[in-house]
Amino acid sequence: MTTDSPARARRRRASAADQARIAAGQLGAGITRAAKAAAGRGAPLARAVGARIGPVVGVVSALGWIVLGSAAVSIVLVVWLGWAEFAFIAVTLIAALLIATAFVFGRSTYRVGIELNPRRVVAGDRALGRLTVVNSGTRSVLPTRMELPVGEGQADFTIPRLAPGAETEELFAVPTARRALILAGPALSVRGDQLGLLRRTNQWTEQIELFVHPRTVRLAATARGLVRDLEGQTTKVITDSDLAFHALRTYEPGDDIRNVHWRTSARTGQLMVRQYQETRRSQLLLAFDAERSHFASDDEFELGVAVLASVGCQVIREETEIRALWQGGAMRVETPTALLDDSCRIQPVDGAHPTLREFLRQATLRVQAPSLAVTVVGSQVEAAELRGAAALWGGDTETIVIRVDEAAEPRLTRLGRSMLITVSALPELPALLKRAGR
């Protein structure tokens, strides 16, 4: 009789353990595949069940779920501990849910409309809305409640009983104290009990927009960079063919014979040709820095938007080529109204770009160098950051920085190659831009 050595026994036990781990791994993989296959086959069924149950479950409000849960707990306490008092609580709660169920049944045959007059207002002006409800069915409709979200608030209306073809209207005021894009709607009819246990809603309209434009000031047509040019702006680039005469030089082979200045050539005895300064059509870049940390307050931010809108609208009226942008993207500049509409969408951003220069660089990567760049910034931007942003363009681009600072005195200073305009109130803008004019 032979016995195994200890080393051989250890190898045999290790081999058995490895086989056991492999078998366990294969079993686990098989179970995982089976579970995934079952889930894949059950997904359509789950979606179908969810589609059926979802509308029913969605009728129960948060308070309704609390009542239902309290009734279930009361029943458990009665059965488990024999506390008869909780039986009355359970019956009362269940009865309340059953009674509430009667209020969610019924059909509504409404035709609902929302009107805002006007659709565009200036901040502080009055805007009114009208909600019309018509019974378009052939039977009378019981009274119901209509909810209309307006901006961050909500208007509630009680719609009376309507006979077939009957109409009712409700008027409401829209708060327009500050620049905003206010969404009105959708209008929802609400069926439910007075306690709010169950709630069934039907949507009757889509959202409509109310533009609350920022206040603007009219700028003089002679303000810097806002003059409509007919021939373009003269640059320092020398060319052989343009409008702005620069100097004469000696003829070289290949020069266009039409540029020869014959009178000077006859006087000097050698051919002389004209040189010109290149002219370019004015292209204005109007940028707004919406970084929240660059503004001291919300009111200062709104002042910056008003400055942006005032400058942009004047440039568009002068029919100068313009590109307006902020961290949220380019703004429409086809008409002053389009620019004002897009200005309603400007909101403070947090950390969109590390520096002001980086924001301008990324925003103008595919844009031709402008002849004039106007940047509107807040009071918290450092002077070094403004200099870095101004150095983004070449010497042919004039740069103006309009800094809004409600606590500062209005002034006009030089900041490196840039003209720095400090504005503390919107009415100061026209005079400051006129002083900065050519």
# chains A, B, ... in the order shown; residues from 1 in each chain; ligands from 1

call {"tool": "residues_around", "arguments": {"residues": "Glu115 (chain A)", "least_positions_apart": "4", "cutoff": "9 Å", "atoms": "only C-alpha atoms", "output": "compact mmCIF listing (two decimals) with C-alpha atoms, in the first residue's frame"}}
result
# COMPACT_ATOMS: atom_id res chain seq x y z
CA ARG A 119 -46.09 89.64 -27.21
CA LEU A 128 -51.98 91.34 -20.30
CA GLY A 129 -53.09 87.85 -21.14
CA ARG A 130 -56.41 86.27 -22.03
CA LEU A 131 -57.52 82.67 -21.55
CA THR A 132 -60.54 81.60 -23.59
CA ILE A 208 -46.24 80.68 -25.91

call {"tool": "closest_atom_pairs", "arguments": {"of": "region 132-203 of chain A", "to": "region 64-79 of chain A", "cutoff": "9 Å", "atoms": "only C-alpha atoms", "output": "CSV"}}
result
residue,atom,partner,partner_atom,distance
A:Gly196,CA,A:Gly64,CA,7.3
A:Leu197,CA,A:Gly64,CA,4.1
A:Leu198,CA,A:Gly64,CA,6.2

call {"tool": "write_last_selection", "arguments": {"atoms": "N, CA and C atoms", "output": "PDB file, in the first residue's frame"}}
result
ATOM      1  N   GLY A 196     -57.251  67.096  -2.573  1.00  0.00           N
ATOM      2  CA  GLY A 196     -56.055  66.925  -3.390  1.00  0.00           C
ATOM      3  C   GLY A 196     -55.462  65.540  -3.322  1.00  0.00           C
ATOM      4  N   LEU A 197     -56.284  64.521  -3.005  1.00  0.00           N
ATOM      5  CA  LEU A 197     -55.764  63.153  -2.954  1.00  0.00           C
ATOM      6  C   LEU A 197     -55.518  62.606  -4.348  1.00  0.00           C
ATOM      7  N   LEU A 198     -56.447  62.876  -5.260  1.00  0.00           N
ATOM      8  CA  LEU A 198     -56.345  62.425  -6.646  1.00  0.00           C
ATOM      9  C   LEU A 198     -56.394  63.646  -7.553  1.00  0.00           C
TER      10      LEU A 198
END

call {"tool": "select_by_dssp", "arguments": {"residues": "region 242-401 of chain A", "states": "helix (DSSP H, G or I)", "output": "ChimeraX atom specification"}}
result
/A:257-259,262-268,292-294,298-317,336-343,356-363,383-390

call {"tool": "closest_residue", "arguments": {"among": "A:Ala266, A:Val59, A:Val141, A:Ala407", "to": "Gln380 (chain A)", "atoms": "only C-alpha atoms"}}
result
A:Ala407

call {"tool": "closest_residue", "arguments": {"among": "A:Val381, A:Leu412, A:Leu285, A:Ala166", "to": "Arg111 (chain A)", "atoms": "only C-alpha atoms"}}
result
A:Ala166

call {"tool": "select_by_dssp", "arguments": {"residues": "region 82-166 of chain A", "states": "strand (DSSP E or B)", "output": "ChimeraX atom specification"}}
result
/A:110-117,120-122,127-135,141,144-150,153-159,162

call {"tool": "atom_distance", "arguments": {"atom1": "CA of Pro370 (chain A)", "atom2": "CA of Gln283 (chain A)"}}
result
4.9 Å
